[in-house]
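Read the structure below first, then the notes.
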Amino acid sequence: MKIGIFDSGIGGLNILANMLVYYPNNSYIYYADNLNMPYGNKTYCLLKGAITTAMDYFKLNGVDVVIIACNTASTLFGEYVKNNYPFRVYLVTPNISKAITYDKFVLLATDNTTKQIQKNIEQIAMENNISSKQLNSKMQIVPSSLLAYLTEYNAPNFYINYRYIRDILKGLKKDYPIILGCTHYTYYKMYIASLGYELITETDYFERFNGLKMPKPNSFDNLSFVFTGKQNTQRYLKIINQIL
């Protein structure tokens, strides 16, 4: 099976790394729109054009499945992609369904993601069998598009951003779980947990499949990259080796 994974940059490598370990027999195309990243503060028209270009590329290359690993792209354009392309589409979005089981929770995501969630609050609430008033009372929103940019810029030395993360978390109660609503943020999962916070992330999905985990791949012959910006394949492969 040929699988396309789309992200604005390195965030989706967290998804790719798990796919390579749990499903190593597929072939993968990782498409990074690093020319336009971060997506959290870009205009709707720019992002729609960029995502359409990426999906057209996947269609041309005959992929069977596309994973939109960018929360912002999934939240804003997920339904558009599902309705206009022939491949199966899986969306990576903030896991609000898990978070609403708590009395309160924090959503840490990009500006565009948080704005779209607020715009769709009625629908999200209905899908989770609660009122929009209840959902709003449970959810504290903390937007940060800058963290995605800093993650991309400083990778793979993610520790450089720890001070900024502490500033973001300042004042947040440790009684409430935090949804990391951007795949770029997942690089800080262990660090934020070490500060005493409970986390809900996109990669939690794979934890149920630990029994299927395969040895780390010795090569990446089944993997190809597309970059819209400056080519940086070796840097991306270094990050994959680091997180596998």
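Residue numbers start at 1 in each chain; chains themselves are named A, B, ... in the order of the structure tokens; ligands are numbered from 1 in the order shown.
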
Counting only C-alpha atoms, what are the residues of segment 32-114 of chain A within 6 Å of segment 177-191 of chain A, and for each of them which pair of atoms is the nearest and at what distance in Å, to one decimal? Sort the table by chain and rising number, as JSON lines.
{"residue": "A:Asn71", "atom": "CA", "partner": "A:Cys182", "partner_atom": "CA", "distance": 5.5}
{"residue": "A:Pro94", "atom": "CA", "partner": "A:Gly181", "partner_atom": "CA", "distance": 4.7}
{"residue": "A:Phe105", "atom": "CA", "partner": "A:Pro177", "partner_atom": "CA", "distance": 5.2}
{"residue": "A:Val106", "atom": "CA", "partner": "A:Ile178", "partner_atom": "CA", "distance": 4.6}
{"residue": "A:Leu107", "atom": "CA", "partner": "A:Ile179", "partner_atom": "CA", "distance": 4.9}
{"residue": "A:Leu108", "atom": "CA", "partner": "A:Leu180", "partner_atom": "CA", "distance": 5.3}
{"residue": "A:Ala109", "atom": "CA", "partner": "A:Gly181", "partner_atom": "CA", "distance": 4.5}

Considering only C-alpha atoms, return as a JSON list (two decimals) with N, CA and C atoms, in the first residue's frame whatever protein or nucleic-acid residues lie within 9 Å of segment 55-68 of chain A, sequence-local ones (same chain, fewer than 4 positions apart) excluded.
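The resulting file, out_33.json, is reproduced below:
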[["chain", "number", "residue", "atom", "x", "y", "z"],
["A", 1, "MET", "N", 0.85, -1.19, 0.00],
["A", 1, "MET", "CA", 0.00, 0.00, 0.00],
["A", 1, "MET", "C", 0.88, 1.24, 0.00],
["A", 2, "LYS", "N", 0.50, 2.23, -0.77],
["A", 2, "LYS", "CA", 1.24, 3.49, -0.83],
["A", 2, "LYS", "C", 0.50, 4.53, 0.01],
["A", 3, "ILE", "N", 1.23, 5.09, 0.97],
["A", 3, "ILE", "CA", 0.63, 6.03, 1.92],
["A", 3, "ILE", "C", 1.32, 7.38, 1.81],
["A", 4, "GLY", "N", 0.53, 8.43, 1.67],
["A", 4, "GLY", "CA", 1.05, 9.79, 1.69],
["A", 4, "GLY", "C", 0.83, 10.41, 3.06],
["A", 5, "ILE", "N", 1.86, 11.05, 3.59],
["A", 5, "ILE", "CA", 1.74, 11.76, 4.86],
["A", 5, "ILE", "C", 2.06, 13.22, 4.60],
["A", 6, "PHE", "N", 1.14, 14.08, 4.97],
["A", 6, "PHE", "CA", 1.28, 15.51, 4.70],
["A", 6, "PHE", "C", 1.44, 16.29, 5.99],
["A", 7, "ASP", "N", 2.38, 17.23, 5.99],
["A", 7, "ASP", "CA", 2.53, 18.14, 7.12],
["A", 7, "ASP", "C", 3.17, 19.43, 6.63],
["A", 12, "GLY", "N", 4.77, 16.06, 11.28],
["A", 12, "GLY", "CA", 4.22, 14.78, 10.87],
["A", 12, "GLY", "C", 5.21, 13.63, 10.93],
["A", 15, "ILE", "N", 4.16, 11.02, 13.28],
["A", 15, "ILE", "CA", 3.23, 10.04, 12.74],
["A", 15, "ILE", "C", 3.97, 9.05, 11.84],
["A", 28, "TYR", "N", 5.93, 4.87, 1.58],
["A", 28, "TYR", "CA", 5.50, 6.15, 2.11],
["A", 28, "TYR", "C", 6.07, 7.31, 1.30],
["A", 29, "ILE", "N", 5.23, 8.30, 1.11],
["A", 29, "ILE", "CA", 5.68, 9.59, 0.59],
["A", 29, "ILE", "C", 5.40, 10.62, 1.68],
["A", 31, "TYR", "N", 5.32, 14.42, 2.50],
["A", 31, "TYR", "CA", 5.25, 15.71, 1.82],
["A", 31, "TYR", "C", 5.28, 16.81, 2.88],
["A", 50, "ALA", "N", -1.97, 25.67, -1.01],
["A", 50, "ALA", "CA", -0.85, 24.78, -0.69],
["A", 50, "ALA", "C", -1.32, 23.35, -0.50],
["A", 51, "ILE", "N", -2.44, 23.18, 0.19],
["A", 51, "ILE", "CA", -2.95, 21.83, 0.46],
["A", 51, "ILE", "C", -3.47, 21.19, -0.81],
["A", 73, "ALA", "N", -4.22, 21.94, 9.04],
["A", 73, "ALA", "CA", -4.74, 21.53, 7.73],
["A", 73, "ALA", "C", -5.94, 20.62, 7.87],
["A", 74, "SER", "N", -5.89, 19.68, 8.82],
["A", 74, "SER", "CA", -7.01, 18.76, 9.03],
["A", 74, "SER", "C", -8.25, 19.49, 9.50],
["A", 78, "GLY", "N", -9.94, 19.34, 6.14],
["A", 78, "GLY", "CA", -10.09, 17.89, 6.12],
["A", 78, "GLY", "C", -11.29, 17.42, 5.32],
["A", 81, "VAL", "N", -10.82, 17.87, 1.52],
["A", 81, "VAL", "CA", -9.98, 16.84, 0.90],
["A", 81, "VAL", "C", -10.75, 15.54, 0.77],
["A", 85, "TYR", "N", -11.12, 14.08, -3.33],
["A", 85, "TYR", "CA", -10.02, 13.24, -3.78],
["A", 85, "TYR", "C", -10.39, 11.77, -3.64],
["A", 86, "PRO", "N", -9.80, 10.91, -4.48],
["A", 86, "PRO", "CA", -10.22, 9.50, -4.53],
["A", 86, "PRO", "C", -9.62, 8.62, -3.45],
["A", 87, "PHE", "N", -8.54, 9.05, -2.82],
["A", 87, "PHE", "CA", -7.89, 8.20, -1.83],
["A", 87, "PHE", "C", -8.59, 8.33, -0.47],
["A", 88, "ARG", "N", -8.35, 7.33, 0.37],
["A", 88, "ARG", "CA", -8.85, 7.40, 1.74],
["A", 88, "ARG", "C", -8.06, 8.46, 2.50],
["A", 89, "VAL", "N", -8.74, 9.18, 3.36],
["A", 89, "VAL", "CA", -8.12, 10.29, 4.08],
["A", 89, "VAL", "C", -8.31, 10.10, 5.58],
["A", 90, "TYR", "N", -7.21, 10.21, 6.32],
["A", 90, "TYR", "CA", -7.25, 10.17, 7.78],
["A", 90, "TYR", "C", -6.76, 11.52, 8.30],
["A", 91, "LEU", "N", -7.51, 12.09, 9.22],
["A", 91, "LEU", "CA", -7.22, 13.43, 9.72],
["A", 91, "LEU", "C", -6.63, 13.36, 11.13],
["A", 92, "VAL", "N", -5.59, 14.12, 11.35],
["A", 92, "VAL", "CA", -5.02, 14.26, 12.69],
["A", 92, "VAL", "C", -5.55, 15.58, 13.25]]

Discussion item. Between atom CA of Thr110 of chain A and atom CA of Leu169 of chain A, what is the distance in Å, rounded to a tenth?
Written reply: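 That distance, rounded to one decimal, is 14.6 Å.
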
*Spatial neighbours of segment 148-162 of chain A, 6 Å, only C-alpha atoms, chain gap at least 2 places, as an NGL selection string*: :A and (38 or 145-146 or 164-165 or 184 or 239)

Excluding Leu135 of chain A and its own-chain neighbours fewer than 5 positions away, which residues fall within 9 Å of it when counting only C-alpha atoms? Please give them as a list in words. Ile100, Lys104, Ile121, Ile124, Ala125 and Ile130 of chain A
